[in-house]
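Engineer: Sending over a structure as structure tokens; questions will come in a sec.
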Amino acid sequence: MKSTKLILIALFVAIPLLSYGAEKARTVDELAKMYDVSSCKKCHKEIFEEWEKSIHARSLIGTGRTMATIRTAIQDGMMKEWTKSGIKEVKDIKVEHMLHCLKCHLPQLKDATDDVAQQIAKAVIDSDEATLAKVNINCIVCHNRKALVHKLVDGEPEKNVIYGNKEGPHGDKMFTLLKKSPIMKESILCGQCHGLGPNFDLANPTQCATLYGSYLHNYVPAAGLQLETCQDCHMHKYKTGHSMPSYRDPQIARHAVDVEVQAKGYQVLYKAGEHIPVAAVQVKMTSNAGHRIPDG
């Protein structure tokens with residue numbers, strides 16, 4: 001009898017622990033609240049303002065191209081070409097389907113129900129930027145969810161921990177501790193989303209970003225002791241911080257590519273009584289980037 005009582009007590013205690021953490025967001029607003037980073041601004045005002053201007057802060061919208069591409073994936077891919085998926089309407093869409101794009105553009109969708117996947121899909125189709133702007137790639141995504149890669153060595157990210165380059169207390173009600181992440185200064189942190197190639201773990205493998213593969217296979221072998229990380233170029237070298245601009249930014253583009261233009265000749269063509277001036281121009285472009293450009 002004693003052993004039976006102990007087993008029952010152990011089960012009773014374990015049930016809440018198992019359900020805790022398994023609770024998922026049922027609306028976009030609930031997911032936004034789970035990943036709310038507004039408190040970060042109190043201590044990290046400059047960094048927060050840099051991030052707010054970044055593409056990461058509007059990861060489901062981008063310049064508009066991202067939202068349009070996800071819409072195409074839903075309407076032309078999921079609803080038409082994915083004939084084995086059972087998707088005919090938005091109500092048929094599940095989290096696993098939206099991870100086709102959102103594995104990178106909103107990895108925290110894994111903490112949500114299918115209802116949220118459908119709400120986001122509808123917002124994308126309707127160009128509802130107000131809804132899409134509520135969730136994004138933010139401080140918690142990079143400094144918690146994605147901060148540990150080798151989980152059999154470093155474990156899973158702890159719920160109350162913000163990962164960076166230091167250890168100690170962290171003055172936040174939700175994230176009370178600060179711990180070192182082994183990858184915070186390494187390109188592999190960015191490579192989790194800015195990819196190696198097709199995601200073969202998905203039911204319908206695809207991936208638009210392969211920068212990290214290009215970085216590993218081309219740049220790293222050639223760079224030698226001059227090796228730089230994603231963070232070096234996109235955050236530190238040009239003092240762009242957490243805005244982390246890409247090739248769309250004029251400053252980054254100017255440093256990424258050298259262009260040499262040379263006129264090789266000039267002639268006039270005669271066609272149907274018209275004089276058409278033609279210039280032969282040779283353009284030489286040298287990439288200084290650590291990966292292929294553009295990407296996506």
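Scheme for the structure tokens: letters A, B, ... for chains in order shown; per-chain residue numbers from 1; ligand numbers from 1 in order shown.
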Write out as CSV the residues of range 133-167 of chain A that have any atom within 8 Å of an atom of range 172-193 of chain A, one row each with the nearest atom pair and its distance in Å to one decimal, counting only C-alpha atoms, sorted by chain and then rising number.
Structural biologist:
```
residue,atom,partner,partner_atom,distance
A:Cys142,CA,A:Leu189,CA,7.9
A:Lys146,CA,A:Leu189,CA,7.1
A:Ala147,CA,A:Ser181,CA,6.0
A:Leu148,CA,A:Ser181,CA,6.4
A:Val149,CA,A:Ile183,CA,7.8
A:Lys159,CA,A:Phe175,CA,7.2
A:Asn160,CA,A:Phe175,CA,4.2
A:Val161,CA,A:Leu177,CA,4.8
A:Ile162,CA,A:Leu178,CA,5.0
A:Tyr163,CA,A:Lys179,CA,4.9
A:Gly164,CA,A:Lys180,CA,5.0
A:Asn165,CA,A:Lys180,CA,4.8
A:Lys166,CA,A:Lys180,CA,5.2
A:Glu167,CA,A:Lys179,CA,4.5
```
Engineer: Next, dump the selected residues to file, keeping only C-alpha atoms, as a PDB file, in the first residue's frame.
Structural biologist:
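Everything below was put into selection03.pdb:
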```pdb
ATOM      1  CA  CYS A 142      17.596  34.903 -30.862  1.00  0.00           C
ATOM      2  CA  LYS A 146      17.710  29.848 -30.979  1.00  0.00           C
ATOM      3  CA  ALA A 147      20.588  30.481 -28.541  1.00  0.00           C
ATOM      4  CA  LEU A 148      21.553  26.810 -28.047  1.00  0.00           C
ATOM      5  CA  VAL A 149      22.103  24.505 -31.018  1.00  0.00           C
ATOM      6  CA  LYS A 159      12.595  29.513 -19.851  1.00  0.00           C
ATOM      7  CA  ASN A 160      13.858  32.136 -17.433  1.00  0.00           C
ATOM      8  CA  VAL A 161      17.231  32.694 -19.126  1.00  0.00           C
ATOM      9  CA  ILE A 162      18.411  35.259 -21.654  1.00  0.00           C
ATOM     10  CA  TYR A 163      21.523  33.983 -23.445  1.00  0.00           C
ATOM     11  CA  GLY A 164      24.331  36.336 -24.412  1.00  0.00           C
ATOM     12  CA  ASN A 165      28.047  36.659 -23.761  1.00  0.00           C
ATOM     13  CA  LYS A 166      27.932  37.070 -19.980  1.00  0.00           C
ATOM     14  CA  GLU A 167      26.756  35.268 -16.845  1.00  0.00           C
TER      15      GLU A 167
END
```
Engineer: Find the residues near Ala68 in chain A: any atom within 12 Å, counting only C-alpha atoms, skip ones fewer than 3 places away on the same chain, and give them as a list in words.
Structural biologist: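 Here the answer would be Leu60, Ile61, Gly62, Thr63, Gly64, Arg65, Arg71, Thr72, Ala73, Ile74, Gln75, Asp76, Cys101, Ala121, Ala123, Val124, Ile125, Asp126, Ser127, Asp128 and Glu129 of chain A.
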Engineer: Take the residues just selected and output them with N, CA, C and O atoms as an mmCIF file, in the first residue's frame.
Structural biologist:
```
data_model
loop_
_atom_site.group_PDB
_atom_site.id
_atom_site.type_symbol
_atom_site.label_atom_id
_atom_site.label_comp_id
_atom_site.auth_asym_id
_atom_site.auth_seq_id
_atom_site.Cartn_x
_atom_site.Cartn_y
_atom_site.Cartn_z
ATOM 1 N N LEU A 60 7.303 38.744 -41.069
ATOM 2 C CA LEU A 60 6.228 38.191 -41.895
ATOM 3 C C LEU A 60 5.828 39.148 -43.021
ATOM 4 O O LEU A 60 5.035 38.786 -43.896
ATOM 5 N N ILE A 61 6.379 40.347 -42.986
ATOM 6 C CA ILE A 61 6.043 41.368 -43.987
ATOM 7 C C ILE A 61 7.238 41.671 -44.877
ATOM 8 O O ILE A 61 7.127 41.724 -46.096
ATOM 9 N N GLY A 62 8.399 41.867 -44.248
ATOM 10 C CA GLY A 62 9.602 42.225 -44.987
ATOM 11 C C GLY A 62 9.430 43.572 -45.649
ATOM 12 O O GLY A 62 8.832 44.498 -45.099
ATOM 13 N N THR A 63 9.907 43.690 -46.860
ATOM 14 C CA THR A 63 9.703 44.911 -47.633
ATOM 15 C C THR A 63 8.341 44.876 -48.321
ATOM 16 O O THR A 63 7.982 45.786 -49.054
ATOM 17 N N GLY A 64 7.601 43.806 -48.084
ATOM 18 C CA GLY A 64 6.350 43.541 -48.786
ATOM 19 C C GLY A 64 6.503 42.283 -49.613
ATOM 20 O O GLY A 64 5.557 41.519 -49.834
ATOM 21 N N ARG A 65 7.733 42.045 -50.036
ATOM 22 C CA ARG A 65 8.040 40.869 -50.851
ATOM 23 C C ARG A 65 7.871 39.581 -50.051
ATOM 24 O O ARG A 65 7.398 38.561 -50.570
ATOM 25 N N ARG A 71 2.177 34.489 -49.332
ATOM 26 C CA ARG A 71 0.839 34.387 -49.913
ATOM 27 C C ARG A 71 0.842 33.430 -51.120
ATOM 28 O O ARG A 71 -0.049 32.600 -51.271
ATOM 29 N N THR A 72 1.855 33.557 -51.943
ATOM 30 C CA THR A 72 1.979 32.661 -53.095
ATOM 31 C C THR A 72 2.137 31.213 -52.640
ATOM 32 O O THR A 72 1.544 30.294 -53.218
ATOM 33 N N ALA A 73 2.934 31.018 -51.577
ATOM 34 C CA ALA A 73 3.139 29.668 -51.041
ATOM 35 C C ALA A 73 1.819 29.068 -50.558
ATOM 36 O O ALA A 73 1.578 27.863 -50.722
ATOM 37 N N ILE A 74 0.968 29.898 -49.981
ATOM 38 C CA ILE A 74 -0.317 29.414 -49.464
ATOM 39 C C ILE A 74 -1.296 29.147 -50.603
ATOM 40 O O ILE A 74 -1.858 28.046 -50.723
ATOM 41 N N GLN A 75 -1.500 30.145 -51.456
ATOM 42 C CA GLN A 75 -2.550 30.051 -52.474
ATOM 43 C C GLN A 75 -2.173 29.163 -53.652
ATOM 44 O O GLN A 75 -2.996 28.382 -54.129
ATOM 45 N N ASP A 76 -0.936 29.286 -54.132
ATOM 46 C CA ASP A 76 -0.528 28.494 -55.291
ATOM 47 C C ASP A 76 0.152 27.184 -54.904
ATOM 48 O O ASP A 76 0.128 26.222 -55.676
ATOM 49 N N CYS A 101 7.251 28.083 -44.537
ATOM 50 C CA CYS A 101 7.895 29.403 -44.573
ATOM 51 C C CYS A 101 8.273 29.901 -43.179
ATOM 52 O O CYS A 101 9.298 30.548 -42.995
ATOM 53 N N ALA A 121 -2.271 32.792 -41.761
ATOM 54 C CA ALA A 121 -2.501 32.544 -43.183
ATOM 55 C C ALA A 121 -3.542 33.518 -43.748
ATOM 56 O O ALA A 121 -3.367 34.088 -44.824
ATOM 57 N N ALA A 123 -4.332 36.466 -42.511
ATOM 58 C CA ALA A 123 -3.750 37.811 -42.492
ATOM 59 C C ALA A 123 -2.822 38.024 -43.684
ATOM 60 O O ALA A 123 -2.793 39.109 -44.280
ATOM 61 N N VAL A 124 -2.084 36.994 -44.050
ATOM 62 C CA VAL A 124 -1.194 37.078 -45.206
ATOM 63 C C VAL A 124 -2.008 37.258 -46.482
ATOM 64 O O VAL A 124 -1.710 38.130 -47.314
ATOM 65 N N ILE A 125 -3.041 36.451 -46.641
ATOM 66 C CA ILE A 125 -3.892 36.536 -47.837
ATOM 67 C C ILE A 125 -4.569 37.903 -47.933
ATOM 68 O O ILE A 125 -4.693 38.486 -49.018
ATOM 69 N N ASP A 126 -4.995 38.441 -46.785
ATOM 70 C CA ASP A 126 -5.698 39.728 -46.744
ATOM 71 C C ASP A 126 -4.761 40.933 -46.688
ATOM 72 O O ASP A 126 -5.228 42.074 -46.603
ATOM 73 N N SER A 127 -3.460 40.690 -46.707
ATOM 74 C CA SER A 127 -2.465 41.766 -46.545
ATOM 75 C C SER A 127 -2.716 42.563 -45.266
ATOM 76 O O SER A 127 -2.580 43.795 -45.232
ATOM 77 N N ASP A 128 -3.076 41.847 -44.220
ATOM 78 C CA ASP A 128 -3.380 42.457 -42.927
ATOM 79 C C ASP A 128 -2.077 42.669 -42.163
ATOM 80 O O ASP A 128 -1.716 41.880 -41.283
ATOM 81 N N GLU A 129 -1.386 43.746 -42.485
ATOM 82 C CA GLU A 129 -0.077 44.004 -41.888
ATOM 83 C C GLU A 129 -0.165 44.279 -40.390
ATOM 84 O O GLU A 129 0.773 44.002 -39.646
#
```
Engineer: So, with only C-alpha atoms as the atoms that count, which of A:Val37, A:Ala203, A:Ala279, A:Ile137 lies closest to His100 in chain A?
Structural biologist: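 Looking at the shortest contact to His100 in chain A, the residue is A:Ala203.
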Engineer: Can you pull out the residues contacting Lys94 in chain A? Cut-off 7 Å, using only C-alpha atoms, and skip same-chain residues under 3 positions away; I want them as a compact mmCIF listing (two decimals) with all heavy atoms, in the first residue's frame.
Structural biologist:
```
# COMPACT_ATOMS: atom_id res chain seq x y z
N HIS A 97 2.03 22.96 -41.83
CA HIS A 97 2.01 23.48 -43.18
C HIS A 97 2.67 24.86 -43.26
O HIS A 97 3.44 25.14 -44.18
CB HIS A 97 0.56 23.59 -43.69
CG HIS A 97 -0.17 22.30 -43.69
ND1 HIS A 97 -1.45 22.15 -43.18
CD2 HIS A 97 0.19 21.05 -44.10
CE1 HIS A 97 -1.85 20.91 -43.31
NE2 HIS A 97 -0.86 20.21 -43.85
N MET A 98 2.37 25.71 -42.28
CA MET A 98 2.92 27.07 -42.30
C MET A 98 4.42 27.09 -42.01
O MET A 98 5.12 28.05 -42.36
CB MET A 98 2.18 27.95 -41.28
CG MET A 98 0.75 28.28 -41.69
SD MET A 98 0.63 29.17 -43.27
CE MET A 98 1.29 30.78 -42.82
N ASP A 114 -3.05 25.19 -34.24
CA ASP A 114 -3.39 25.35 -35.65
C ASP A 114 -4.25 26.59 -35.90
O ASP A 114 -4.24 27.16 -36.99
CB ASP A 114 -4.13 24.10 -36.16
CG ASP A 114 -3.24 22.86 -36.17
OD1 ASP A 114 -1.99 23.02 -36.24
OD2 ASP A 114 -3.78 21.74 -36.08
N ALA A 117 -1.99 29.34 -36.82
CA ALA A 117 -1.50 29.16 -38.19
C ALA A 117 -2.54 29.66 -39.19
O ALA A 117 -2.20 30.32 -40.19
CB ALA A 117 -1.18 27.69 -38.44
N GLN A 118 -3.80 29.38 -38.92
CA GLN A 118 -4.88 29.82 -39.80
C GLN A 118 -5.08 31.33 -39.75
O GLN A 118 -5.32 31.97 -40.78
CB GLN A 118 -6.18 29.10 -39.42
CG GLN A 118 -6.15 27.60 -39.70
CD GLN A 118 -7.17 26.81 -38.90
OE1 GLN A 118 -8.14 27.36 -38.40
NE2 GLN A 118 -6.94 25.50 -38.78
```
Engineer: One decimal, Å: what's the distance from CA of Glu50 in chain A over to CA of Lys134 in chain A, could you say?
Structural biologist: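 Going from CA of Glu50 in chain A over to CA of Lys134 in chain A, I get 17.4 Å.
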Engineer: Which is closer to Thr286 in chain A than all the others in A:Lys41, A:Lys271, A:His255, A:Lys264, using only C-alpha atoms?
Structural biologist: A:His255
Engineer: As a list in words, please: the residues near Ala25 in chain A (cut-off 7 Å, only C-alpha atoms, same-chain neighbours under 2 positions excluded).
Structural biologist: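 Close residues of Ala25 in chain A: Glu23, Thr27, Glu30, Leu31, Asp111, Ala112 and Thr113 of chain A.
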Engineer: List every residue of range 45-287 of chain A that DSSP, applied to the backbone of this structure, places in alpha helix (DSSP H), and write the result as a ChimeraX atom specification.
Structural biologist: /A:45-52,65-72,95-105,114-125,129-132,139-140,151-154,187-191,211-214,220-223,230-231,250-256
Engineer: Mind writing the picked residues with C-alpha atoms as a short mmCIF file (atom, residue, chain, number, x, y, z; two decimals), in the first residue's frame?
Structural biologist:
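Dumped to part_3.cif:
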```
data_model
loop_
_atom_site.label_atom_id
_atom_site.label_comp_id
_atom_site.auth_asym_id
_atom_site.auth_seq_id
_atom_site.Cartn_x
_atom_site.Cartn_y
_atom_site.Cartn_z
CA LYS A 45 16.91 51.37 -25.55
CA GLU A 46 19.44 51.88 -28.36
CA ILE A 47 19.56 48.19 -29.29
CA PHE A 48 15.77 47.98 -29.18
CA GLU A 49 15.39 50.98 -31.50
CA GLU A 50 17.91 49.47 -33.94
CA TRP A 51 15.95 46.21 -33.94
CA GLU A 52 12.64 48.02 -34.46
CA ARG A 65 8.04 40.87 -50.85
CA THR A 66 8.13 38.44 -47.93
CA MET A 67 4.38 38.70 -47.32
CA ALA A 68 3.69 38.33 -51.06
CA THR A 69 5.91 35.23 -51.29
CA ILE A 70 4.20 33.59 -48.29
CA ARG A 71 0.84 34.39 -49.91
CA THR A 72 1.98 32.66 -53.10
CA VAL A 95 1.12 24.65 -38.02
CA GLU A 96 3.10 21.99 -39.86
CA HIS A 97 2.01 23.48 -43.18
CA MET A 98 2.92 27.07 -42.30
CA LEU A 99 6.38 25.96 -41.14
CA HIS A 100 7.07 25.67 -44.86
CA CYS A 101 7.90 29.40 -44.57
CA LEU A 102 7.57 30.19 -40.88
CA LYS A 103 10.21 27.75 -39.66
CA CYS A 104 12.48 30.74 -40.23
CA HIS A 105 10.14 33.72 -40.47
CA ASP A 114 -3.39 25.35 -35.65
CA ASP A 115 -5.83 28.22 -35.00
CA VAL A 116 -2.89 30.63 -34.96
CA ALA A 117 -1.50 29.16 -38.19
CA GLN A 118 -4.88 29.82 -39.80
CA GLN A 119 -5.09 33.37 -38.43
CA ILE A 120 -1.66 34.15 -39.84
CA ALA A 121 -2.50 32.54 -43.18
CA LYS A 122 -5.67 34.65 -43.45
CA ALA A 123 -3.75 37.81 -42.49
CA VAL A 124 -1.19 37.08 -45.21
CA ILE A 125 -3.89 36.54 -47.84
CA GLU A 129 -0.08 44.00 -41.89
CA ALA A 130 -1.44 45.12 -38.50
CA THR A 131 -1.94 41.49 -37.46
CA LEU A 132 1.30 40.26 -39.01
CA CYS A 139 15.08 39.35 -28.68
CA ILE A 140 13.54 36.18 -27.23
CA LYS A 151 21.23 20.46 -27.21
CA LEU A 152 22.75 17.11 -26.23
CA VAL A 153 25.74 19.09 -24.97
CA ASP A 154 24.22 22.37 -23.80
CA SER A 187 27.73 32.40 -37.72
CA ILE A 188 25.89 29.20 -36.85
CA LEU A 189 23.46 31.32 -34.79
CA CYS A 190 22.37 33.10 -37.98
CA GLY A 191 22.77 29.96 -40.09
CA LEU A 211 23.60 31.83 -47.30
CA TYR A 212 25.11 29.76 -44.51
CA GLY A 213 25.85 26.93 -46.94
CA SER A 214 27.58 29.37 -49.27
CA VAL A 220 35.37 29.65 -44.92
CA PRO A 221 37.88 27.51 -46.89
CA ALA A 222 39.22 30.61 -48.67
CA ALA A 223 39.28 33.07 -45.78
CA CYS A 230 27.89 37.20 -40.04
CA GLN A 231 27.88 39.39 -36.93
CA PRO A 250 23.27 51.07 -49.56
CA GLN A 251 26.15 51.02 -47.06
CA ILE A 252 26.29 47.23 -46.92
CA ALA A 253 25.94 46.95 -50.71
CA ARG A 254 28.76 49.42 -51.24
CA HIS A 255 31.13 47.37 -49.09
CA ALA A 256 29.92 44.01 -50.38
#
```
Engineer: Could you check the closest approach to Ser38 in chain A for each of A:Ala289, A:Lys110, A:Glu228, A:Asn138 and tell me which residue wins, using only C-alpha atoms?
Structural biologist: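 Nearest to Ser38 in chain A: A:Asn138.
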Engineer: Which one is closest to Asn144 in chain A: A:Asp92, A:Leu269, A:Tyr35, A:Leu202? Count only C-alpha atoms.
Structural biologist: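 Distance minimum relative to Asn144 in chain A lands on A:Tyr35.
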Engineer: I'd like the interatomic distance between CA of His217 in chain A and CA of Pro294 in chain A, to a tenth of an Å.
Structural biologist: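 Taking CA of His217 in chain A as the start and CA of Pro294 in chain A as the end point, the length is 16.6 Å.
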